[in-house]
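Worksheet: one structure, shown below.
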Amino acid sequence: MADIRIHLLTKRFGKTTAVDRLDLEIYQGEFVTLLGPSGCGKTTTLRCLTGLEEPDEGEIHFGERCVFSRTQGIMVPPGKRGIGLVFQNYALWPHMTVFQNVGFGLEKKNLSKGEIKKRVLDILSLLGLEGYEKRYPSELSGGQQQRVALARMIVTQPEILLFDEPLSNLDAKLRMTLRAELKRLHNQINATTVYVTHDQLEALTLSTRIAVMNLGILQQIGTPKEVYHFPRNLFVAEFMGNPSTNLLPGRVIAPGPPAVVAMDDNPDRPVKLATPIPLPAGGRVVLNVRPEDVGFSVEQADEGIPAVVYASLPTGAEYITYSRLEPSGGEVVMKGPEEEHVYLQQDRRFLITFKRGNVFDAETGAAITSFGFPERNEHE
């Protein structure tokens, strides 16, 4: 399998820069997800990798092969890049059976009928499609059609697999099932994979690393744990997570450690943060606290910010609780096990504490440090 190296890749559409000087290295056998909101440049980047879009600047290498270079005048066409591609729409031939759809690419390689049959049946077995060889796409469910599209891509044994939001047309339960299938498949064939999605859960569950993009610029690349727990800037912090994270502005009144921050929403009840480094004295900061990292007490205590519940949403095993801080009215969302949060019903008053999170510079949006995490997990 090949690695992928992208150097200073730029793609413009008129006056709009869709991808802006992107530098990214994807290692052999990795599963890297390009994640971001609509218009962030992730799909354009994928189309540049496939050869369906010609970049304006930069270089793309697949292993030792240069497939695009503006300075060298290289533009390898899609059919000669040795890639497999699955789109959002499955693009199956409606007049062909499952067997014919999957075997079509092998026929173009001039393999023997016996070899084609063996490889098609093997890949259908791998994807749980035994017995469907003679069916037509119209006779399959959406999930089955997507598996056929996967089989058609993998059967030709490409060095690189590229996915453009392949599960977005499926219902939530089926998406979860196929995520597990994709994870198993990647572990089994170990192909270098680039996957485009706007679904954070999909990225977190599937990826070796996640590349978060916004406005054509790479914001952060790291493991799912890194981009979720240690975002490099406020955009990544706010984009990652569902329900949305808590971003709480304040001012440093004691640099620490432990640092003490007076929150704008209740300056009379400052919070102590177990930061491994001092914070800038008097500096304006923003705390990022994930809903599951908000603690609470229904008893009187010396520490904590007073709050009152305004909505409590049971989701089965968990509760999502929305509250207003007193007296400012700032909002904090919490998430936790049913047995804990069941007591936080509407209009219940309690005290909020912050178990762990991140500190950002309020002016630049850049990460300063984290708090409450084991020191070995810090990413300063």
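Residue numbers start at 1 in each chain; chains themselves are named A, B, ... in the order of the structure tokens; ligands are numbered from 1 in the order shown.
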
List the spatial neighbours of A:Lys183 as a ChimeraX atom specification - criterion: any atom at most 12 Å away, only C-alpha atoms, same-chain residues fewer than 2 positions off excluded.
/A:30-31,127,176-181,185-191,193,195,202-208

Name all residues at most 9 Å from stretch 351-368 of chain A (count only C-alpha atoms; drop same-chain ones fewer than 4 positions away) and give them as a VMD selection string. chain A and resid 229 to 235 237 249 to 250 271 to 275 279 283 to 290 293 to 301 303 to 308 325 332 372 to 373 380

Practice problem: Run DSSP on the backbone and grab whatever in stretch 202-243 of chain A lands in alpha helix (DSSP H); send it over as an NGL selection string. | Solution: :A and (202-206 or 224-229 or 234-239)

File dump, residues just selected, C-alpha atoms, as a PDB file, in the first residue's frame:
ATOM      1  CA  GLU A 202     -18.399   8.920  11.892  1.00  0.00           C
ATOM      2  CA  ALA A 203     -14.976  10.546  12.014  1.00  0.00           C
ATOM      3  CA  LEU A 204     -14.397   9.736  15.686  1.00  0.00           C
ATOM      4  CA  THR A 205     -15.392   6.083  15.358  1.00  0.00           C
ATOM      5  CA  LEU A 206     -13.601   5.254  12.092  1.00  0.00           C
ATOM      6  CA  PRO A 224      -9.757  11.232  17.543  1.00  0.00           C
ATOM      7  CA  LYS A 225      -8.738  11.669  21.177  1.00  0.00           C
ATOM      8  CA  GLU A 226      -6.465  14.604  20.355  1.00  0.00           C
ATOM      9  CA  VAL A 227      -8.942  16.600  18.276  1.00  0.00           C
ATOM     10  CA  TYR A 228     -11.757  15.980  20.763  1.00  0.00           C
ATOM     11  CA  HIS A 229      -9.957  16.457  24.090  1.00  0.00           C
ATOM     12  CA  LEU A 234     -11.674  27.560  19.353  1.00  0.00           C
ATOM     13  CA  PHE A 235     -13.012  26.504  15.955  1.00  0.00           C
ATOM     14  CA  VAL A 236     -12.030  22.866  16.509  1.00  0.00           C
ATOM     15  CA  ALA A 237     -13.305  22.979  20.091  1.00  0.00           C
ATOM     16  CA  GLU A 238     -16.693  24.313  19.037  1.00  0.00           C
ATOM     17  CA  PHE A 239     -17.039  22.144  15.932  1.00  0.00           C
TER      18      PHE A 239
END

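Counting from atom CA of A:Thr315, the distance to atom CA of A:Pro166 is 26.8 Å.
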
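Within stretch 334-368 of chain A, DSSP run on the backbone puts these residues in strand (DSSP E): Met334, Lys335, Gly336, Pro337, Arg349, Phe350, Leu351, Ile352, Thr353, Phe354, Gly357, Asn358, Val359, Phe360, Asp361, Ala367 and Ile368 of chain A.
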
Selection from above, C-alpha atoms, as a compact mmCIF listing (two decimals), in the first residue's frame, can you write it?
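As a result, result.txt now contains:
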# COMPACT_ATOMS: atom_id res chain seq x y z
CA MET A 334 -24.27 18.77 30.70
CA LYS A 335 -24.34 15.10 29.75
CA GLY A 336 -24.16 12.12 32.04
CA PRO A 337 -25.55 8.76 33.15
CA ARG A 349 -31.04 24.64 41.52
CA PHE A 350 -27.52 23.27 41.92
CA LEU A 351 -23.80 24.16 41.71
CA ILE A 352 -21.69 23.58 38.59
CA THR A 353 -18.01 22.59 38.65
CA PHE A 354 -15.56 21.90 35.83
CA GLY A 357 -11.21 21.05 29.78
CA ASN A 358 -9.08 23.49 27.80
CA VAL A 359 -8.03 27.12 28.09
CA PHE A 360 -7.87 29.35 25.00
CA ASP A 361 -6.61 32.86 24.42
CA ALA A 367 -5.05 26.87 22.81
CA ILE A 368 -2.98 27.81 25.88

note - atom CA of A:Thr10 and atom CA of A:Leu34 are separated by 15.8 Å

From the list A:Ile217, A:Leu8, A:Leu121, A:Phe163, the nearest residue to A:Arg47 using only C-alpha atoms is A:Phe163

With distances taken over only C-alpha atoms, the candidate from A:Asn110, A:Gln220, A:Thr33, A:Asn101 nearest A:Val148 is A:Asn101

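Using only C-alpha atoms, the contacts of A:Ser38 at a cut-off of 9 Å, with sequence neighbours closer than 3 positions omitted, comprise Gly41, Lys42, His198 and Asn214 of chain A.
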
Residues near stretch 106-109 of chain A, anyone? I mean within 8 Å using only C-alpha atoms, not counting same-chain ones fewer than 6 positions away, as a list in words.
Ile116, Val155 and Thr156 of chain A
